[in-house]
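Data from input.txt: compact mmCIF, C-alpha atoms and all ligand atoms
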```
# COMPACT_ATOMS: atom_id res chain seq x y z
CA MET A 1 -32.10 37.68 -27.29
CA ALA A 2 -31.07 34.08 -26.90
CA ARG A 3 -34.52 32.98 -28.03
CA HIS A 4 -34.06 34.29 -31.58
CA ARG A 5 -31.16 31.99 -32.22
CA ARG A 6 -32.94 28.69 -31.70
CA GLY A 7 -33.18 28.05 -35.46
CA ALA A 8 -29.45 28.26 -36.00
CA LEU A 9 -28.92 26.19 -32.90
CA MET A 10 -31.05 23.30 -34.09
CA TRP A 11 -28.98 23.20 -37.25
CA THR A 12 -25.75 23.07 -35.25
CA MET A 13 -27.09 20.35 -32.99
CA THR A 14 -28.07 18.08 -35.85
CA MET A 15 -24.50 18.29 -37.16
CA LEU A 16 -22.61 17.72 -33.90
CA THR A 17 -23.17 15.71 -30.74
CA LEU A 18 -22.60 18.28 -28.02
CA PRO A 19 -21.33 17.19 -24.60
CA THR A 20 -23.84 17.14 -21.73
CA PHE A 21 -23.71 17.57 -17.97
CA ASP A 22 -23.45 13.77 -17.68
CA ASP A 23 -20.12 14.07 -19.50
CA VAL A 24 -19.03 16.67 -16.93
CA ILE A 25 -19.95 14.27 -14.12
CA ALA A 26 -17.98 11.46 -15.81
CA ALA A 27 -15.02 13.84 -16.20
CA SER A 28 -15.13 14.79 -12.53
CA MET A 29 -14.87 11.10 -11.61
CA ARG A 30 -11.85 10.64 -13.90
CA LEU A 31 -10.19 13.71 -12.37
CA GLU A 32 -10.77 12.65 -8.80
CA GLY A 33 -7.43 12.20 -7.04
CA HIS A 34 -5.54 13.69 -10.02
CA ALA A 35 -6.73 17.32 -10.28
CA HIS A 36 -6.83 19.65 -7.29
CA ARG A 37 -10.23 20.59 -5.94
CA THR A 38 -9.28 24.29 -5.99
CA PRO A 39 -10.43 26.67 -3.25
CA VAL A 40 -13.35 29.10 -3.49
CA LEU A 41 -12.16 32.36 -1.92
CA ARG A 42 -14.03 35.45 -0.73
CA SER A 43 -12.92 39.05 -0.26
CA ARG A 44 -14.74 41.63 1.84
CA THR A 45 -13.21 44.38 -0.27
CA ALA A 46 -14.46 42.78 -3.49
CA ASP A 47 -17.93 42.41 -1.98
CA GLU A 48 -17.94 46.07 -0.92
CA ARG A 49 -16.67 47.39 -4.23
CA LEU A 50 -19.10 45.36 -6.31
CA GLY A 51 -22.02 45.61 -3.88
CA ALA A 52 -22.48 41.86 -4.24
CA GLN A 53 -21.43 38.56 -2.69
CA VAL A 54 -18.53 37.37 -4.83
CA PHE A 55 -17.23 33.79 -4.92
CA PHE A 56 -13.87 33.29 -6.64
CA LYS A 57 -13.13 29.80 -7.98
CA CYS A 58 -9.33 29.81 -8.02
CA GLU A 59 -8.01 27.74 -10.90
CA ASN A 60 -4.73 29.63 -10.64
CA PHE A 61 -4.09 27.02 -7.92
CA GLN A 62 -4.86 24.10 -10.26
CA ARG A 63 -2.08 21.68 -11.29
CA MET A 64 0.26 23.35 -13.80
CA GLY A 65 -1.37 26.65 -12.87
CA ALA A 66 -4.59 26.70 -14.90
CA PHE A 67 -7.93 24.93 -15.45
CA LYS A 68 -6.59 23.44 -18.72
CA PHE A 69 -5.31 20.43 -16.78
CA ARG A 70 -8.93 19.33 -16.31
CA GLY A 71 -9.82 19.09 -19.99
CA ALA A 72 -6.48 17.63 -21.06
CA PHE A 73 -6.46 14.93 -18.38
CA ASN A 74 -10.08 14.00 -19.09
CA ALA A 75 -9.48 13.70 -22.83
CA LEU A 76 -6.31 11.59 -22.45
CA SER A 77 -7.97 9.34 -19.86
CA ARG A 78 -10.43 8.27 -22.53
CA PHE A 79 -7.77 7.06 -24.99
CA THR A 80 -7.85 3.39 -25.99
CA ALA A 81 -4.76 1.27 -25.29
CA ALA A 82 -3.67 1.71 -28.92
CA GLN A 83 -4.10 5.50 -28.78
CA LYS A 84 -2.15 5.63 -25.52
CA GLN A 85 0.70 3.67 -27.01
CA ALA A 86 0.93 5.81 -30.16
CA GLY A 87 0.61 9.13 -28.31
CA VAL A 88 -1.09 12.52 -28.38
CA ILE A 89 -0.36 15.61 -30.46
CA THR A 90 -1.48 19.19 -30.01
CA PHE A 91 -0.65 22.76 -31.01
CA SER A 92 -0.41 25.46 -28.36
CA SER A 93 2.09 27.93 -27.03
CA GLY A 94 0.18 28.40 -23.81
CA ASN A 95 -1.36 26.52 -20.92
CA HIS A 96 -2.87 23.75 -23.03
CA ALA A 97 0.63 22.62 -24.07
CA GLN A 98 1.66 22.21 -20.45
CA ALA A 99 -1.66 20.59 -19.54
CA ILE A 100 -1.25 17.97 -22.27
CA ALA A 101 2.41 17.36 -21.44
CA LEU A 102 1.71 16.89 -17.72
CA SER A 103 -1.42 14.74 -18.20
CA ALA A 104 0.37 12.59 -20.78
CA ARG A 105 3.28 12.00 -18.43
CA MET A 106 0.90 11.03 -15.60
CA LEU A 107 -0.86 8.55 -17.89
CA GLY A 108 2.29 7.19 -19.56
CA ILE A 109 1.39 8.59 -23.00
CA PRO A 110 4.01 10.14 -25.35
CA ALA A 111 3.15 13.79 -26.13
CA THR A 112 4.14 15.84 -29.18
CA ILE A 113 3.50 19.58 -28.99
CA LEU A 114 3.80 22.06 -31.85
CA MET A 115 4.91 25.51 -30.74
CA PRO A 116 5.82 28.58 -32.75
CA LEU A 117 9.54 29.38 -33.09
CA ASP A 118 8.95 32.65 -31.25
CA ALA A 119 7.12 31.11 -28.26
CA PRO A 120 8.56 32.32 -24.92
CA GLN A 121 11.49 30.12 -23.87
CA ALA A 122 9.95 29.70 -20.40
CA LYS A 123 6.87 28.03 -21.92
CA ILE A 124 8.96 25.75 -24.13
CA ASP A 125 11.09 24.79 -21.13
CA ALA A 126 8.03 24.17 -18.94
CA THR A 127 6.46 21.93 -21.58
CA ARG A 128 9.73 19.99 -22.06
CA GLY A 129 10.06 19.82 -18.27
CA TYR A 130 6.76 17.92 -18.14
CA GLY A 131 8.20 15.45 -20.66
CA GLY A 132 6.58 16.70 -23.88
CA GLU A 133 8.42 16.60 -27.21
CA VAL A 134 8.30 20.16 -28.56
CA ILE A 135 8.42 20.64 -32.34
CA GLN A 136 8.83 24.26 -33.39
CA PHE A 137 7.46 25.82 -36.56
CA ASP A 138 7.44 29.18 -38.31
CA ARG A 139 3.99 30.61 -37.73
CA PHE A 140 4.41 33.16 -40.51
CA LYS A 141 5.30 30.56 -43.16
CA GLN A 142 3.76 27.28 -42.02
CA ASP A 143 0.10 26.32 -41.52
CA ARG A 144 -0.06 25.01 -37.97
CA GLU A 145 -3.13 22.88 -38.42
CA ALA A 146 -1.95 21.27 -41.66
CA LEU A 147 1.40 20.51 -40.03
CA THR A 148 -0.32 18.95 -37.01
CA ARG A 149 -2.50 16.78 -39.22
CA GLU A 150 0.50 15.65 -41.25
CA LEU A 151 2.46 14.65 -38.14
CA ALA A 152 -0.58 12.97 -36.61
CA GLU A 153 -1.02 10.83 -39.73
CA GLN A 154 2.64 9.96 -40.10
CA ARG A 155 2.98 8.89 -36.47
CA GLY A 156 -0.54 7.65 -35.75
CA LEU A 157 -1.05 10.30 -33.05
CA THR A 158 -4.42 11.47 -31.70
CA LEU A 159 -5.03 15.22 -31.85
CA ILE A 160 -6.43 16.90 -28.75
CA PRO A 161 -7.08 20.56 -29.62
CA PRO A 162 -7.13 23.30 -26.94
CA TYR A 163 -10.90 23.82 -26.78
CA ASP A 164 -13.07 22.43 -29.57
CA HIS A 165 -13.43 18.86 -28.32
CA PRO A 166 -16.29 17.37 -26.23
CA ASP A 167 -13.92 15.69 -23.73
CA VAL A 168 -11.95 18.91 -23.26
CA MET A 169 -15.16 20.91 -22.72
CA ALA A 170 -16.56 18.35 -20.26
CA GLY A 171 -13.30 18.42 -18.28
CA GLN A 172 -13.27 22.22 -18.13
CA GLY A 173 -16.87 22.13 -16.84
CA THR A 174 -15.78 20.40 -13.65
CA ALA A 175 -14.44 23.67 -12.17
CA ALA A 176 -17.89 25.33 -12.21
CA LYS A 177 -19.45 22.05 -11.03
CA GLU A 178 -17.23 22.19 -7.93
CA LEU A 179 -18.10 25.86 -7.42
CA PHE A 180 -21.87 25.24 -7.39
CA GLU A 181 -21.46 22.16 -5.21
CA GLU A 182 -19.53 24.22 -2.70
CA VAL A 183 -21.53 27.46 -2.56
CA GLY A 184 -24.94 26.50 -3.92
CA GLU A 185 -26.92 28.39 -6.55
CA LEU A 186 -25.68 31.72 -7.91
CA ASP A 187 -27.36 34.61 -9.73
CA HIS A 188 -24.48 35.37 -12.11
CA LEU A 189 -21.32 33.58 -13.27
CA PHE A 190 -18.45 35.34 -15.08
CA VAL A 191 -16.10 33.12 -17.10
CA CYS A 192 -12.92 33.97 -19.05
CA LEU A 193 -13.40 33.31 -22.77
CA GLY A 194 -10.88 32.36 -25.46
CA GLY A 195 -12.03 29.52 -27.71
CA GLY A 196 -14.87 28.68 -25.34
CA GLY A 197 -13.87 25.38 -23.71
CA LEU A 198 -14.12 26.79 -20.19
CA LEU A 199 -17.26 28.81 -20.91
CA SER A 200 -19.17 25.98 -22.58
CA GLY A 201 -18.26 23.49 -19.85
CA SER A 202 -19.18 26.01 -17.14
CA ALA A 203 -22.53 26.64 -18.83
CA LEU A 204 -23.32 22.91 -18.84
CA SER A 205 -22.70 22.81 -15.08
CA ALA A 206 -24.69 26.00 -14.45
CA ARG A 207 -27.74 24.80 -16.39
CA ALA A 208 -27.79 21.57 -14.35
CA LEU A 209 -26.88 22.84 -10.89
CA SER A 210 -28.14 26.44 -10.85
CA PRO A 211 -30.66 26.72 -13.67
CA ARG A 212 -31.53 30.39 -13.09
CA CYS A 213 -27.90 31.52 -12.98
CA LYS A 214 -26.96 33.94 -15.79
CA VAL A 215 -23.73 32.79 -17.41
CA TYR A 216 -21.41 35.29 -19.13
CA GLY A 217 -18.25 34.86 -21.15
CA VAL A 218 -15.68 37.64 -20.90
CA GLU A 219 -13.28 38.43 -23.73
CA PRO A 220 -10.57 41.02 -24.28
CA GLU A 221 -12.16 44.09 -25.84
CA ALA A 222 -9.54 44.00 -28.62
CA GLY A 223 -10.66 40.51 -29.65
CA ASN A 224 -14.44 40.28 -29.25
CA ASP A 225 -15.03 37.59 -31.89
CA GLY A 226 -17.06 35.58 -29.37
CA GLN A 227 -19.36 38.52 -28.70
CA GLN A 228 -19.79 39.11 -32.44
CA SER A 229 -20.46 35.41 -32.99
CA PHE A 230 -22.95 35.23 -30.14
CA ARG A 231 -24.86 38.26 -31.40
CA SER A 232 -24.84 37.34 -35.10
CA GLY A 233 -25.58 33.62 -34.65
CA LYS A 234 -22.57 32.42 -36.65
CA ILE A 235 -18.88 31.93 -35.87
CA VAL A 236 -16.95 35.12 -36.65
CA ASN A 237 -13.20 35.00 -37.45
CA ILE A 238 -10.89 37.88 -36.53
CA PRO A 239 -7.13 38.48 -36.91
CA THR A 240 -5.06 37.63 -33.80
CA PRO A 241 -6.00 40.42 -31.35
CA LYS A 242 -3.41 42.58 -29.63
CA THR A 243 -4.01 42.24 -25.88
CA ILE A 244 -2.13 41.32 -22.71
CA ALA A 245 -4.61 38.43 -22.27
CA ASP A 246 -2.45 35.94 -24.18
CA GLY A 247 -4.67 32.98 -23.26
CA ALA A 248 -7.61 34.60 -25.05
CA GLN A 249 -5.94 35.62 -28.32
CA THR A 250 -8.06 33.12 -30.20
CA GLN A 251 -9.36 34.05 -33.65
CA HIS A 252 -12.66 32.20 -33.45
CA LEU A 253 -14.85 29.95 -31.29
CA GLY A 254 -15.10 26.24 -32.10
CA GLU A 255 -18.06 24.43 -33.65
CA TYR A 256 -18.75 22.47 -30.47
CA THR A 257 -18.09 25.32 -28.08
CA PHE A 258 -20.28 27.70 -30.10
CA GLY A 259 -23.13 25.15 -30.11
CA VAL A 260 -23.21 25.09 -26.30
CA ILE A 261 -22.52 28.82 -25.91
CA GLN A 262 -25.41 29.76 -28.21
CA ARG A 263 -27.80 27.55 -26.29
CA ASP A 264 -26.68 27.96 -22.67
CA VAL A 265 -24.85 31.30 -22.29
CA ASP A 266 -26.69 34.57 -21.57
CA ASP A 267 -24.26 37.19 -22.88
CA ILE A 268 -20.64 37.98 -23.67
CA HIS A 269 -18.91 40.91 -21.93
CA THR A 270 -15.51 42.44 -22.70
CA ALA A 271 -12.67 43.92 -20.64
CA THR A 272 -9.90 46.32 -21.66
CA ASP A 273 -6.23 45.68 -20.92
CA ALA A 274 -6.30 48.54 -18.39
CA GLN A 275 -9.18 46.83 -16.55
CA LEU A 276 -7.23 43.55 -16.54
CA VAL A 277 -4.24 45.29 -14.98
CA GLN A 278 -6.49 46.80 -12.30
CA ALA A 279 -7.87 43.35 -11.52
CA MET A 280 -4.37 41.85 -11.44
CA ARG A 281 -3.34 44.49 -8.89
CA PHE A 282 -6.44 43.84 -6.83
CA PHE A 283 -5.72 40.10 -6.67
CA ALA A 284 -2.07 40.70 -5.74
CA GLU A 285 -2.66 43.39 -3.16
CA ARG A 286 -5.92 42.32 -1.53
CA MET A 287 -6.01 38.56 -2.03
CA LYS A 288 -2.25 37.84 -2.19
CA MET A 289 -2.60 35.94 -5.45
CA VAL A 290 -0.69 35.89 -8.72
CA VAL A 291 -3.26 35.81 -11.54
CA GLU A 292 -2.28 35.96 -15.22
CA PRO A 293 -3.89 38.66 -17.38
CA THR A 294 -6.32 36.23 -19.05
CA GLY A 295 -7.33 34.91 -15.64
CA CYS A 296 -8.53 38.41 -14.69
CA LEU A 297 -11.18 38.68 -17.44
CA GLY A 298 -14.11 37.44 -15.33
CA PHE A 299 -13.48 39.74 -12.40
CA ALA A 300 -12.68 42.73 -14.64
CA ALA A 301 -16.14 42.43 -16.22
CA ALA A 302 -17.92 41.81 -12.91
CA ALA A 303 -16.27 44.95 -11.53
CA GLN A 304 -17.85 46.94 -14.41
CA ALA A 305 -21.26 45.28 -14.20
CA GLY A 306 -22.77 47.81 -11.76
CA ALA A 307 -26.51 47.50 -11.17
CA LEU A 308 -26.71 44.17 -13.03
CA ILE A 309 -25.14 42.34 -10.08
CA ARG A 310 -25.90 44.63 -7.11
CA GLY A 311 -27.06 42.62 -4.09
CA LYS A 312 -26.61 39.34 -5.98
CA ARG A 313 -24.58 36.15 -5.53
CA VAL A 314 -21.85 36.26 -8.15
CA GLY A 315 -19.39 33.55 -9.20
CA VAL A 316 -16.09 34.48 -10.87
CA ILE A 317 -13.79 31.86 -12.33
CA ILE A 318 -10.13 32.82 -12.09
CA SER A 319 -8.75 30.70 -14.92
CA GLY A 320 -4.98 30.67 -14.37
CA GLY A 321 -1.87 32.12 -12.78
CA ASN A 322 0.92 31.46 -15.27
CA VAL A 323 2.69 34.72 -15.93
CA ASP A 324 6.39 35.46 -16.26
CA LEU A 325 7.38 37.19 -13.00
CA ARG A 326 9.20 40.03 -14.76
CA ARG A 327 6.11 40.70 -16.86
CA PHE A 328 3.92 40.48 -13.77
CA ALA A 329 6.12 42.95 -11.92
CA GLY A 330 5.83 45.33 -14.89
CA PHE A 331 2.02 45.21 -14.72
CA ILE A 332 1.91 45.64 -10.96
CA ALA A 333 4.42 48.53 -10.84
CA ASP A 334 3.13 52.13 -11.20
C1 LIG B 1 -6.99 28.82 -22.29
C2 LIG B 1 -7.23 29.82 -21.26
C3 LIG B 1 -8.39 30.61 -21.27
C4 LIG B 1 -9.43 30.51 -22.34
O1 LIG B 1 -10.05 29.25 -22.33
P1 LIG B 1 -10.92 28.72 -23.54
O2 LIG B 1 -11.36 27.38 -23.13
O3 LIG B 1 -10.03 28.71 -24.76
O4 LIG B 1 -12.02 29.69 -23.73
C5 LIG B 1 -8.59 31.49 -20.22
N1 LIG B 1 -7.68 31.63 -19.23
C6 LIG B 1 -6.55 30.90 -19.19
C7 LIG B 1 -5.61 31.10 -18.07
C8 LIG B 1 -6.29 29.97 -20.20
O5 LIG B 1 -5.16 29.24 -20.16
```
Translate the structure described by the file into structure tokens.
Ligand SMILES: *Cc1c(COP(=O)(O)O)cnc(C)c1O
Amino acid sequence: MARHRRGALMWTMTMLTLPTFDDVIAASMRLEGHAHRTPVLRSRTADERLGAQVFFKCENFQRMGAFKFRGAFNALSRFTAAQKQAGVITFSSGNHAQAIALSARMLGIPATILMPLDAPQAKIDATRGYGGEVIQFDRFKQDREALTRELAEQRGLTLIPPYDHPDVMAGQGTAAKELFEEVGELDHLFVCLGGGGLLSGSALSARALSPRCKVYGVEPEAGNDGQQSFRSGKIVNIPTPKTIADGAQTQHLGEYTFGVIQRDVDDIHTATDAQLVQAMRFFAERMKMVVEPTGCLGFAAAAQAGALIRGKRVGVIISGGNVDLRRFAGFIAD
């Protein structure tokens, strides 16, 4: 299937300069000593249930609780002195906000973060706790991107978006790079998919370090815009999907992320909310880990993959562990 899309791909590539594995290597050097080299864990029960050898790359143990630290820190590390002095701006109510706030503080850069008025107080507090200036807006009345652009211009800030940026993608790719370096080549790799920063970066690492590995993105079934885009060859927009995977409620892939995904990814799978809850329970009970709903996407799809992965070496990226404990308890109960 991937072969038929080469035409569209060439067009994309002439418009944009996509990041390469060399950019992932450069990112991994910038992250050295700043990001955690997260563990790769195994589970006999997972292996038995899936009939495969499963390697979990645990980004729920990354700084601030998700892989997003990698992309944010890499992007901010590349700022010029003038950009550093003026500061960074972004829009996010999730892990990217905290990743930017923490990275900015570590690098001595002022951070402005736009969050919706109805964002969970815990996320606003966490972002402020890392030193970010939170500006709230009404997401039903105000255009987030226009507002960001306006503020960026007024204050001379540099925008670092959550996924569609070569430095963000290269940073996210360092997690899969570490996985392949640690366990060697794999047959399949399952990656959580929102806007595609993690998936595109992971695919760059897979193509370089394990060329025969099949790379899959996994989206919530309720919001399969990535799957539709992948299959139709153009970026599909959807309304904000209703799912417990709040880190993957994106409405569309990015131009850069789609360029890499079209070229280097093998397929897009989906998982239902019920399958995410099952995976969350598995991680809690069997592996003693708190994983947020979005972080369960990869394993939820691998657990449904059946004959595709039987007897194979399978990588699963667990993307994050930031979930309100009350909410987590609700999922885990009954
Ligand atoms: C952001 C996020 C994702 C999705 O990542 P993209 O790069 O937008 O595809 C998945 N899981 C977690 C925990 C996240 O924070």
How close does each residue of chain A get to ligand LIG 1 (chain B), giving the shortest atom pair and distance in Å to one decimal for every residue with an atom at most 8 Å away, counting all atoms listed in the file, sorted by chain and residue number, as CSV?
```
residue,atom,partner,partner_atom,distance
A:Asn60,CA,B:LIG1,C7,7.6
A:Ala66,CA,B:LIG1,C7,5.5
A:Phe67,CA,B:LIG1,O5,7.0
A:Lys68,CA,B:LIG1,O5,6.1
A:Gly94,CA,B:LIG1,O5,6.5
A:Asn95,CA,B:LIG1,O5,4.7
A:His96,CA,B:LIG1,C1,6.6
A:Pro162,CA,B:LIG1,O3,6.5
A:Tyr163,CA,B:LIG1,O2,5.1
A:Met169,CA,B:LIG1,O2,7.5
A:Gln172,CA,B:LIG1,O2,7.4
A:Cys192,CA,B:LIG1,C5,5.1
A:Leu193,CA,B:LIG1,O4,4.0
A:Gly194,CA,B:LIG1,O4,3.4
A:Gly195,CA,B:LIG1,O3,3.7
A:Gly196,CA,B:LIG1,O4,3.4
A:Gly197,CA,B:LIG1,O2,3.3
A:Leu198,CA,B:LIG1,O2,4.1
A:Leu199,CA,B:LIG1,O4,6.0
A:Ser200,CA,B:LIG1,O2,8.0
A:Gly247,CA,B:LIG1,C2,4.5
A:Ala248,CA,B:LIG1,C4,5.2
A:Thr250,CA,B:LIG1,O3,7.3
A:Glu292,CA,B:LIG1,C7,6.5
A:Pro293,CA,B:LIG1,C7,7.8
A:Thr294,CA,B:LIG1,N1,4.8
A:Gly295,CA,B:LIG1,C7,4.8
A:Ile318,CA,B:LIG1,N1,7.6
A:Ser319,CA,B:LIG1,C7,4.5
A:Gly320,CA,B:LIG1,C7,3.8
A:Gly321,CA,B:LIG1,C7,6.6
A:Asn322,CA,B:LIG1,C7,7.1
```
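Across the model, the gap from CA of Gln98 (chain A) to CA of Glu153 (chain A) is 22.5 Å.
Distances to Val191 (chain A) were evaluated for A:Gln262, A:Gln249, A:Thr158, A:Thr270 using all atoms listed in the file, and the minimum falls at A:Thr270.
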Q) Of the residues A:Thr148, A:Thr243, A:Thr127, A:Gln142, which is the one nearest to Arg105 (chain A), using all atoms listed in the file? A) A:Thr127
(Q) Here is a test: counting only C-alpha atoms, which residue of A:Ile25, A:Leu186, A:Leu50, A:Leu114 is nearest to Gly132 (chain A)? (A) A:Leu114
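Between Glu182 (chain A) and the residues A:Pro241, A:Gly131, A:Pro39, A:Gly311, the shortest atom-to-atom distance, using all atoms listed in the file, involves A:Pro39.
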Q.
Just want the 9 Å neighbourhood of Phe73 (chain A), counted on all atoms listed in the file, with same-chain residues fewer than 2 positions away dropped. Output as a ChimeraX atom specification.
A. /A:27,30-31,34-35,68-71,75-78,99-100,102-104,106-107,168,171
Go ahead and write the residues just picked, C-alpha atoms, as an mmCIF file, keeping the file's coordinate frame.
```
data_model
loop_
_atom_site.group_PDB
_atom_site.id
_atom_site.type_symbol
_atom_site.label_atom_id
_atom_site.label_comp_id
_atom_site.auth_asym_id
_atom_site.auth_seq_id
_atom_site.Cartn_x
_atom_site.Cartn_y
_atom_site.Cartn_z
ATOM 1 C CA ALA A 27 -15.020 13.840 -16.200
ATOM 2 C CA ARG A 30 -11.850 10.640 -13.900
ATOM 3 C CA LEU A 31 -10.190 13.710 -12.370
ATOM 4 C CA HIS A 34 -5.540 13.690 -10.020
ATOM 5 C CA ALA A 35 -6.730 17.320 -10.280
ATOM 6 C CA LYS A 68 -6.590 23.440 -18.720
ATOM 7 C CA PHE A 69 -5.310 20.430 -16.780
ATOM 8 C CA ARG A 70 -8.930 19.330 -16.310
ATOM 9 C CA GLY A 71 -9.820 19.090 -19.990
ATOM 10 C CA ALA A 75 -9.480 13.700 -22.830
ATOM 11 C CA LEU A 76 -6.310 11.590 -22.450
ATOM 12 C CA SER A 77 -7.970 9.340 -19.860
ATOM 13 C CA ARG A 78 -10.430 8.270 -22.530
ATOM 14 C CA ALA A 99 -1.660 20.590 -19.540
ATOM 15 C CA ILE A 100 -1.250 17.970 -22.270
ATOM 16 C CA LEU A 102 1.710 16.890 -17.720
ATOM 17 C CA SER A 103 -1.420 14.740 -18.200
ATOM 18 C CA ALA A 104 0.370 12.590 -20.780
ATOM 19 C CA MET A 106 0.900 11.030 -15.600
ATOM 20 C CA LEU A 107 -0.860 8.550 -17.890
ATOM 21 C CA VAL A 168 -11.950 18.910 -23.260
ATOM 22 C CA GLY A 171 -13.300 18.420 -18.280
#
```
Q: Extract, using all atoms listed in the file, all DNA, RNA and protein residues at most 7 Å from region 271-280 of chain A, discarding same-chain residues fewer than 4 positions from it, and format them as an MDAnalysis selection string.
A: chainID A and resid 218:221 243:244 284 291 293 296:297 299:301 331
Store the residues picked out above, limited to C-alpha atoms, as a PDB file, in the frame of the given file.
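Here's the written file selection.pdb:
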```pdb
ATOM      1  CA  VAL A 218     -15.680  37.640 -20.900  1.00  0.00           C
ATOM      2  CA  GLU A 219     -13.280  38.430 -23.730  1.00  0.00           C
ATOM      3  CA  PRO A 220     -10.570  41.020 -24.280  1.00  0.00           C
ATOM      4  CA  GLU A 221     -12.160  44.090 -25.840  1.00  0.00           C
ATOM      5  CA  THR A 243      -4.010  42.240 -25.880  1.00  0.00           C
ATOM      6  CA  ILE A 244      -2.130  41.320 -22.710  1.00  0.00           C
ATOM      7  CA  ALA A 284      -2.070  40.700  -5.740  1.00  0.00           C
ATOM      8  CA  VAL A 291      -3.260  35.810 -11.540  1.00  0.00           C
ATOM      9  CA  PRO A 293      -3.890  38.660 -17.380  1.00  0.00           C
ATOM     10  CA  CYS A 296      -8.530  38.410 -14.690  1.00  0.00           C
ATOM     11  CA  LEU A 297     -11.180  38.680 -17.440  1.00  0.00           C
ATOM     12  CA  PHE A 299     -13.480  39.740 -12.400  1.00  0.00           C
ATOM     13  CA  ALA A 300     -12.680  42.730 -14.640  1.00  0.00           C
ATOM     14  CA  ALA A 301     -16.140  42.430 -16.220  1.00  0.00           C
ATOM     15  CA  PHE A 331       2.020  45.210 -14.720  1.00  0.00           C
TER      16      PHE A 331
END
```
**Q.** Gap from CA of Thr174 (chain A) to CA of Val24 (chain A) - Å, one decimal
**A.** 5.9 Å
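What separates CA of Met115 (chain A) from CA of Ala81 (chain A) is a distance of 26.7 Å.
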Q: Quick one: residues within 10 Å of (-25.9, 37.2, -19.1) (file frame), counting only C-alpha atoms, please, as a VMD selection string.
A: chain A and resid 2 187 to 190 213 to 217 264 to 269 308
Report, as lines of an AutoDock Vina configuration file, the centre and edge lengths in Å (one decimal) of the axis-aligned box enclosing every listed atom of region 122-128 of chain A, padded by 4 Å on each side.
```
center_x = 8.8
center_y = 24.8
center_z = -21.5
size_x = 12.6
size_y = 17.7
size_z = 13.2
```
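Distances to Arg263 (chain A) were evaluated for A:Leu18, A:Ala82, A:Ile89, A:Ala329 using only C-alpha atoms, and the minimum falls at A:Leu18.
Distances to Glu185 (chain A) were evaluated for A:Ser202, A:Ser210, A:Ser232, A:Asn224 using only C-alpha atoms, and the minimum falls at A:Ser210.
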